[in-house]
file data.csv (CSV, C-alpha atoms and all ligand atoms)
chain,number,residue,atom,x,y,z
A,1486,MET,CA,0.0,0.0,0.0
A,1487,HIS,CA,1.3,3.4,-1.0
A,1488,VAL,CA,2.2,5.8,1.8
A,1489,LEU,CA,3.9,8.8,0.2
A,1490,GLU,CA,6.3,9.8,-2.6
A,1491,THR,CA,9.1,12.3,-3.0
A,1492,GLU,CA,11.0,13.5,-6.0
A,1493,ARG,CA,13.0,10.3,-6.3
A,1494,LEU,CA,11.4,7.9,-3.9
A,1495,ILE,CA,8.3,5.8,-3.2
A,1496,VAL,CA,7.4,4.9,0.4
A,1497,ARG,CA,5.0,2.0,0.8
A,1498,GLN,CA,4.0,-0.6,3.3
A,1499,LEU,CA,6.2,-3.7,3.6
A,1500,ARG,CA,4.6,-7.0,2.7
A,1501,ILE,CA,5.7,-10.6,3.1
A,1502,GLU,CA,7.0,-10.7,-0.5
A,1503,ASP,CA,9.7,-8.2,0.6
A,1504,ALA,CA,11.4,-10.9,2.7
A,1505,GLU,CA,14.5,-11.3,0.5
A,1506,PHE,CA,15.2,-7.6,0.6
A,1507,ILE,CA,14.7,-7.4,4.4
A,1508,LEU,CA,17.0,-10.4,4.8
A,1509,GLU,CA,19.8,-8.5,3.0
A,1510,LEU,CA,19.2,-5.2,4.7
A,1511,LEU,CA,19.1,-6.6,8.3
A,1512,ASN,CA,22.3,-8.5,7.8
A,1513,GLU,CA,24.4,-5.6,6.5
A,1514,PRO,CA,27.2,-4.5,8.8
A,1515,GLY,CA,25.8,-1.0,9.0
A,1516,PHE,CA,22.5,-2.2,10.2
A,1517,ILE,CA,23.9,-4.7,12.8
A,1518,GLN,CA,26.4,-2.1,14.2
A,1519,ASN,CA,24.1,0.9,14.4
A,1520,ILE,CA,20.7,-0.7,15.0
A,1521,GLY,CA,21.2,-4.2,16.2
A,1522,ASP,CA,21.2,-7.9,15.2
A,1523,ARG,CA,17.6,-8.9,14.8
A,1524,GLY,CA,18.7,-12.6,14.3
A,1525,VAL,CA,17.1,-12.7,10.9
A,1526,ARG,CA,19.1,-15.3,8.9
A,1527,THR,CA,16.6,-16.9,6.5
A,1528,VAL,CA,13.8,-15.8,4.2
A,1529,ALA,CA,11.4,-17.4,6.6
A,1530,ASP,CA,12.9,-15.4,9.5
A,1531,ALA,CA,12.5,-12.2,7.4
A,1532,GLU,CA,8.9,-13.1,6.7
A,1533,GLN,CA,8.2,-13.4,10.5
A,1534,TYR,CA,10.0,-10.1,11.1
A,1535,ILE,CA,7.8,-8.4,8.5
A,1536,LEU,CA,4.6,-9.8,10.0
A,1537,ASN,CA,5.5,-9.3,13.7
A,1538,GLY,CA,7.2,-6.0,13.3
A,1539,PRO,CA,6.1,-3.6,10.6
A,1540,VAL,CA,2.8,-5.3,9.6
A,1541,ALA,CA,1.7,-5.6,13.2
A,1542,SER,CA,2.5,-1.9,13.7
A,1543,TYR,CA,0.4,-0.9,10.7
A,1544,GLN,CA,-2.5,-2.8,12.2
A,1545,GLN,CA,-2.0,-1.4,15.7
A,1546,ASN,CA,-1.0,2.2,15.0
A,1547,GLY,CA,-1.7,2.9,11.3
A,1548,PHE,CA,2.0,3.5,10.7
A,1549,GLY,CA,5.3,1.7,11.1
A,1550,LEU,CA,8.5,1.0,9.2
A,1551,TRP,CA,7.9,1.3,5.5
A,1552,MET,CA,9.7,0.2,2.4
A,1553,VAL,CA,11.6,2.9,0.5
A,1554,ALA,CA,12.1,2.2,-3.3
A,1555,LEU,CA,13.4,4.2,-6.2
A,1556,LYS,CA,10.6,5.8,-8.1
A,1557,GLU,CA,12.2,5.2,-11.5
A,1558,SER,CA,13.0,1.5,-11.3
A,1559,GLY,CA,10.9,0.3,-8.3
A,1560,GLU,CA,14.1,-1.1,-6.8
A,1561,PRO,CA,14.0,-1.4,-3.0
A,1562,ILE,CA,16.8,0.6,-1.3
A,1563,GLY,CA,15.9,0.8,2.4
A,1564,MET,CA,13.2,1.2,5.0
A,1565,GLY,CA,12.1,4.2,7.0
A,1566,GLY,CA,9.1,5.2,9.0
A,1567,LEU,CA,7.6,5.9,12.4
A,1568,ILE,CA,7.7,3.5,15.4
A,1569,LYS,CA,5.7,3.4,18.6
A,1570,ARG,CA,7.9,1.6,21.1
A,1571,ASP,CA,6.8,0.6,24.6
A,1572,ILE,CA,10.0,2.0,26.0
A,1573,LEU,CA,9.5,5.5,24.6
A,1574,GLU,CA,6.6,7.9,25.3
A,1575,ASP,CA,6.6,9.5,21.9
A,1576,VAL,CA,6.7,8.1,18.3
A,1577,ASP,CA,10.2,7.9,16.9
A,1578,ILE,CA,11.5,8.1,13.4
A,1579,GLY,CA,13.9,5.4,12.0
A,1580,TYR,CA,15.5,4.4,8.8
A,1581,ALA,CA,18.1,2.1,7.2
A,1582,PHE,CA,19.4,1.9,3.7
A,1583,LEU,CA,21.4,-0.7,1.8
A,1584,HIS,CA,25.1,0.4,1.8
A,1585,ARG,CA,25.3,0.7,-2.0
A,1586,PHE,CA,22.7,3.5,-1.8
A,1587,TRP,CA,24.4,5.6,0.9
A,1588,GLY,CA,25.7,9.1,0.2
A,1589,LYS,CA,23.1,10.0,-2.4
A,1590,GLY,CA,20.7,12.0,-0.2
A,1591,TYR,CA,18.1,9.3,-0.1
A,1592,ALA,CA,18.0,9.0,3.7
A,1593,TYR,CA,17.5,12.8,4.1
A,1594,GLU,CA,14.8,12.8,1.3
A,1595,ALA,CA,12.9,9.9,2.8
A,1596,ALA,CA,13.3,11.0,6.5
A,1597,LEU,CA,12.0,14.6,5.7
A,1598,ALA,CA,8.9,13.2,3.9
A,1599,VAL,CA,8.2,10.7,6.8
A,1600,LEU,CA,8.6,13.6,9.3
A,1601,HIS,CA,6.1,15.7,7.4
A,1602,TYR,CA,3.7,12.7,7.1
A,1603,GLY,CA,3.9,12.2,10.9
A,1604,ARG,CA,3.1,15.9,11.5
A,1605,ASP,CA,0.5,16.5,8.7
A,1606,VAL,CA,-1.2,13.2,8.1
A,1607,ILE,CA,-1.0,11.5,11.5
A,1608,GLY,CA,-1.2,14.7,13.4
A,1609,LEU,CA,1.8,14.1,15.8
A,1610,LYS,CA,2.8,17.0,17.9
A,1611,ARG,CA,6.2,15.7,18.6
A,1612,ILE,CA,8.6,13.2,17.0
A,1613,VAL,CA,11.7,11.8,18.7
A,1614,ALA,CA,14.6,9.6,17.6
A,1615,ILE,CA,17.3,7.5,19.1
A,1616,THR,CA,20.7,6.6,17.7
A,1617,ALA,CA,23.9,4.8,18.7
A,1618,PRO,CA,26.3,7.2,20.4
A,1619,GLU,CA,28.6,7.2,17.3
A,1620,ASN,CA,26.5,7.2,14.2
A,1621,PRO,CA,27.5,10.4,12.4
A,1622,GLY,CA,25.4,9.7,9.3
A,1623,SER,CA,22.2,9.2,11.2
A,1624,ILE,CA,22.9,12.1,13.5
A,1625,ARG,CA,23.4,14.4,10.5
A,1626,VAL,CA,20.2,13.2,8.8
A,1627,LEU,CA,18.2,13.9,12.0
A,1628,GLU,CA,19.7,17.4,12.4
A,1629,LYS,CA,19.1,18.2,8.7
A,1630,ILE,CA,15.4,17.4,9.1
A,1631,GLY,CA,15.1,19.5,12.2
A,1632,LEU,CA,15.5,17.3,15.3
A,1633,ARG,CA,17.8,18.4,18.1
A,1634,PHE,CA,20.0,16.4,20.3
A,1635,VAL,CA,18.6,16.5,23.9
A,1636,LYS,CA,20.5,14.0,26.0
A,1637,MET,CA,22.0,10.5,26.4
A,1638,ILE,CA,19.6,7.9,27.7
A,1639,ASN,CA,19.8,4.3,28.9
A,1640,LEU,CA,17.1,2.2,27.3
A,1641,PRO,CA,16.1,-1.3,28.4
A,1642,GLY,CA,17.4,-3.9,26.0
A,1643,TYR,CA,20.4,-1.8,24.8
A,1644,ASP,CA,23.9,-2.4,26.0
A,1645,GLU,CA,25.2,1.1,25.5
A,1646,GLU,CA,23.7,4.6,26.0
A,1647,SER,CA,21.6,6.1,23.1
A,1648,ARG,CA,21.5,9.6,21.8
A,1649,PHE,CA,18.0,11.0,22.2
A,1650,PHE,CA,16.6,13.7,19.7
A,1651,GLU,CA,13.3,15.5,19.4
A,1652,VAL,CA,11.3,18.0,17.5
A,1653,ASP,CA,8.0,19.7,18.6
A,1654,PHE,CA,5.5,21.0,16.0
A,1701,LIG,C1,22.5,6.7,8.4
A,1701,LIG,C2,22.1,6.4,6.9
A,1701,LIG,C3,20.6,6.1,6.9
A,1701,LIG,C4,22.5,7.6,6.1
A,1701,LIG,O1,22.0,7.4,4.8
A,1701,LIG,P1,22.5,8.2,3.5
A,1701,LIG,O2,21.5,7.9,2.4
A,1701,LIG,O3,23.9,8.0,3.2
A,1701,LIG,O4,22.3,9.7,4.0
A,1701,LIG,P2,22.2,11.0,3.0
A,1701,LIG,O5,22.9,10.7,1.7
A,1701,LIG,O6,20.7,11.4,2.9
A,1701,LIG,O7,23.0,12.1,3.8
A,1701,LIG,C5,22.4,13.0,4.7
A,1701,LIG,C6,23.5,13.9,5.3
A,1701,LIG,O8,24.2,13.1,6.2
A,1701,LIG,C7,25.6,13.1,5.9
A,1701,LIG,N1,26.2,11.8,6.2
A,1701,LIG,C8,25.8,10.6,5.7
A,1701,LIG,N2,26.6,9.7,6.2
A,1701,LIG,C9,27.6,10.3,7.0
A,1701,LIG,C10,28.6,9.8,7.7
A,1701,LIG,N3,28.9,8.6,7.8
A,1701,LIG,N4,29.4,10.8,8.4
A,1701,LIG,C11,29.1,12.1,8.4
A,1701,LIG,N5,28.0,12.6,7.6
A,1701,LIG,C12,27.3,11.7,7.0
A,1701,LIG,C13,25.6,13.5,4.4
A,1701,LIG,O9,26.9,14.1,4.0
A,1701,LIG,C14,24.5,14.4,4.3
A,1701,LIG,O10,24.8,15.7,4.9
A,1701,LIG,P3,25.1,17.0,3.9
A,1701,LIG,O11,23.8,17.1,3.1
A,1701,LIG,O12,25.4,18.0,4.9
A,1701,LIG,O13,26.2,16.6,3.1
A,1701,LIG,C15,22.8,5.2,6.4
A,1701,LIG,O14,24.2,5.4,6.6
A,1701,LIG,C16,22.4,3.9,7.0
A,1701,LIG,O15,21.4,3.2,6.5
A,1701,LIG,N6,23.1,3.4,8.0
A,1701,LIG,C17,22.8,2.1,8.7
A,1701,LIG,C18,21.5,2.1,9.4
A,1701,LIG,C19,21.4,3.3,10.4
A,1701,LIG,O16,22.4,3.6,11.1
A,1701,LIG,N7,20.2,3.8,10.6
A,1701,LIG,C20,20.0,4.8,11.6
A,1701,LIG,C21,19.7,4.2,12.9
A,1701,LIG,S1,19.4,5.5,14.2
call {"tool": "encode", "arguments": {"input": "data.csv", "output": "structure tokens", "more": "lines below"}}
Ligand SMILES: CC(C)(COP(=O)(O)OP(=O)(O)OC[C@H]1O[C@@H](n2cnc3c(N)ncnc32)[C@H](O)[C@@H]1OP(=O)(O)O)[C@@H](O)C(=O)NCCC(=O)NCCS
result
Amino acid sequence: MHVLETERLIVRQLRIEDAEFILELLNEPGFIQNIGDRGVRTVADAEQYILNGPVASYQQNGFGLWMVALKESGEPIGMGGLIKRDILEDVDIGYAFLHRFWGKGYAYEAALAVLHYGRDVIGLKRIVAITAPENPGSIRVLEKIGLRFVKMINLPGYDEESRFFEVDF
């Protein structure tokens, strides 16, 4: 299901058929280092991840992590979206792209559109974000779309402290 589009990108809901792409994305070193190891090792694991994570969130919240694809070719390049976690009071923005598509402005373009969607379509008054302490790429994307660093926080289930960002509308 279509969510939004930007100049170069299409953002749509993830579905079970995206399992091969999710398997690749979740096992890239950049994903494991900066987000975590989700233990997804097979296409079947990836199908379960899609159903229990993003798809469950669409049903529960009306939003979640979505697929980001190139408008021109339809090729999937990453995921991005909005997440409601039990451990955070506010909805947070998240994204991850395949390494071969880094450095082209895609994360910024997708994240800005997702932020506006959260504000204008969902009606959120505040969006937050968390990153690993040393993730300069993600920190730069957040600052470029208007979030500000607030503090370091300790979150349950994370070994190290996280950087906490926010923006109020
Ligand atoms: C973080 C990530 C999404 C950035 O994606 P990207 O498509 O390369 O980002 P963009 O091309 O849109 O770049 C946006 C800005 O960040 C800067 N940037 C990107 N990577 C950077 C890095 N490693 N160090 C410093 N700046 C960086 C870009 O230069 C650009 O800033 P500019 O416009 O001032 O030049 C990507 O590296 C990724 O998927 N990482 C793994 C998953 C992850 O860490 N997700 C975030 C979890 S909180």
call {"tool": "residues_near_ligand", "arguments": {"input": "data.csv", "ligand": "ligand LIG 1701 (chain A)", "cutoff": "10 Å", "atoms": "only C-alpha atoms and all ligand atoms", "output": "PyMOL selection string"}}
result
chain A and resi 1510-1511+1513-1521+1562-1565+1577-1597+1614-1630+1647-1649
call {"tool": "write_last_selection", "arguments": {"input": "data.csv", "atoms": "C-alpha atoms", "output": "PDB file, in the coordinates of the input"}}
result
ATOM      1  CA  LEU A1510      19.200  -5.200   4.700  1.00  0.00           C
ATOM      2  CA  LEU A1511      19.100  -6.600   8.300  1.00  0.00           C
ATOM      3  CA  GLU A1513      24.400  -5.600   6.500  1.00  0.00           C
ATOM      4  CA  PRO A1514      27.200  -4.500   8.800  1.00  0.00           C
ATOM      5  CA  GLY A1515      25.800  -1.000   9.000  1.00  0.00           C
ATOM      6  CA  PHE A1516      22.500  -2.200  10.200  1.00  0.00           C
ATOM      7  CA  ILE A1517      23.900  -4.700  12.800  1.00  0.00           C
ATOM      8  CA  GLN A1518      26.400  -2.100  14.200  1.00  0.00           C
ATOM      9  CA  ASN A1519      24.100   0.900  14.400  1.00  0.00           C
ATOM     10  CA  ILE A1520      20.700  -0.700  15.000  1.00  0.00           C
ATOM     11  CA  GLY A1521      21.200  -4.200  16.200  1.00  0.00           C
ATOM     12  CA  ILE A1562      16.800   0.600  -1.300  1.00  0.00           C
ATOM     13  CA  GLY A1563      15.900   0.800   2.400  1.00  0.00           C
ATOM     14  CA  MET A1564      13.200   1.200   5.000  1.00  0.00           C
ATOM     15  CA  GLY A1565      12.100   4.200   7.000  1.00  0.00           C
ATOM     16  CA  ASP A1577      10.200   7.900  16.900  1.00  0.00           C
ATOM     17  CA  ILE A1578      11.500   8.100  13.400  1.00  0.00           C
ATOM     18  CA  GLY A1579      13.900   5.400  12.000  1.00  0.00           C
ATOM     19  CA  TYR A1580      15.500   4.400   8.800  1.00  0.00           C
ATOM     20  CA  ALA A1581      18.100   2.100   7.200  1.00  0.00           C
ATOM     21  CA  PHE A1582      19.400   1.900   3.700  1.00  0.00           C
ATOM     22  CA  LEU A1583      21.400  -0.700   1.800  1.00  0.00           C
ATOM     23  CA  HIS A1584      25.100   0.400   1.800  1.00  0.00           C
ATOM     24  CA  ARG A1585      25.300   0.700  -2.000  1.00  0.00           C
ATOM     25  CA  PHE A1586      22.700   3.500  -1.800  1.00  0.00           C
ATOM     26  CA  TRP A1587      24.400   5.600   0.900  1.00  0.00           C
ATOM     27  CA  GLY A1588      25.700   9.100   0.200  1.00  0.00           C
ATOM     28  CA  LYS A1589      23.100  10.000  -2.400  1.00  0.00           C
ATOM     29  CA  GLY A1590      20.700  12.000  -0.200  1.00  0.00           C
ATOM     30  CA  TYR A1591      18.100   9.300  -0.100  1.00  0.00           C
ATOM     31  CA  ALA A1592      18.000   9.000   3.700  1.00  0.00           C
ATOM     32  CA  TYR A1593      17.500  12.800   4.100  1.00  0.00           C
ATOM     33  CA  GLU A1594      14.800  12.800   1.300  1.00  0.00           C
ATOM     34  CA  ALA A1595      12.900   9.900   2.800  1.00  0.00           C
ATOM     35  CA  ALA A1596      13.300  11.000   6.500  1.00  0.00           C
ATOM     36  CA  LEU A1597      12.000  14.600   5.700  1.00  0.00           C
ATOM     37  CA  ALA A1614      14.600   9.600  17.600  1.00  0.00           C
ATOM     38  CA  ILE A1615      17.300   7.500  19.100  1.00  0.00           C
ATOM     39  CA  THR A1616      20.700   6.600  17.700  1.00  0.00           C
ATOM     40  CA  ALA A1617      23.900   4.800  18.700  1.00  0.00           C
ATOM     41  CA  PRO A1618      26.300   7.200  20.400  1.00  0.00           C
ATOM     42  CA  GLU A1619      28.600   7.200  17.300  1.00  0.00           C
ATOM     43  CA  ASN A1620      26.500   7.200  14.200  1.00  0.00           C
ATOM     44  CA  PRO A1621      27.500  10.400  12.400  1.00  0.00           C
ATOM     45  CA  GLY A1622      25.400   9.700   9.300  1.00  0.00           C
ATOM     46  CA  SER A1623      22.200   9.200  11.200  1.00  0.00           C
ATOM     47  CA  ILE A1624      22.900  12.100  13.500  1.00  0.00           C
ATOM     48  CA  ARG A1625      23.400  14.400  10.500  1.00  0.00           C
ATOM     49  CA  VAL A1626      20.200  13.200   8.800  1.00  0.00           C
ATOM     50  CA  LEU A1627      18.200  13.900  12.000  1.00  0.00           C
ATOM     51  CA  GLU A1628      19.700  17.400  12.400  1.00  0.00           C
ATOM     52  CA  LYS A1629      19.100  18.200   8.700  1.00  0.00           C
ATOM     53  CA  ILE A1630      15.400  17.400   9.100  1.00  0.00           C
ATOM     54  CA  SER A1647      21.600   6.100  23.100  1.00  0.00           C
ATOM     55  CA  ARG A1648      21.500   9.600  21.800  1.00  0.00           C
ATOM     56  CA  PHE A1649      18.000  11.000  22.200  1.00  0.00           C
TER      57      PHE A1649
END
call {"tool": "closest_residue", "arguments": {"input": "data.csv", "among": "A:Asp1653, A:Val1576, A:Ile1568, A:Glu1646", "to": "A:Lys1610", "atoms": "all atoms listed in the file"}}
result
A:Asp1653
call {"tool": "atom_distance", "arguments": {"input": "data.csv", "atom1": "atom CA of A:Leu1494", "atom2": "atom CA of A:Glu1509"}}
result
19.7 Å
call {"tool": "closest_residue", "arguments": {"input": "data.csv", "among": "A:Ile1495, A:Leu1536, A:Val1599, A:Leu1508", "to": "A:Asp1522", "atoms": "only C-alpha atoms"}}
result
A:Leu1508
call {"tool": "closest_residue", "arguments": {"input": "data.csv", "among": "A:His1487, A:Gly1549, A:Pro1539, A:Ala1554", "to": "A:Phe1506", "atoms": "all atoms listed in the file"}}
result
A:Ala1554
call {"tool": "residues_around", "arguments": {"input": "data.csv", "residues": "A:Arg1611", "least_positions_apart": "3", "cutoff": "8 Å", "atoms": "all atoms listed in the file", "output": "VMD selection string"}}
result
chain A and resid 1575 to 1576 1604 1651 to 1654
call {"tool": "atom_distance", "arguments": {"input": "data.csv", "atom1": "atom CA of A:Ala1541", "atom2": "atom CA of A:Glu1492"}}
result
28.6 Å
call {"tool": "closest_residue", "arguments": {"input": "data.csv", "among": "A:Gly1603, A:Gly1524, A:Gly1566, A:Gly1631", "to": "A:Leu1550", "atoms": "all atoms listed in the file"}}
result
A:Gly1566
call {"tool": "atom_distance", "arguments": {"input": "data.csv", "atom1": "atom CA of A:Gln1544", "atom2": "atom CA of A:Leu1567"}}
result
13.3 Å
call {"tool": "closest_residue", "arguments": {"input": "data.csv", "among": "A:Ile1501, A:Lys1569, A:Thr1491, A:Asn1537", "to": "A:Leu1609", "atoms": "only C-alpha atoms"}}
result
A:Lys1569
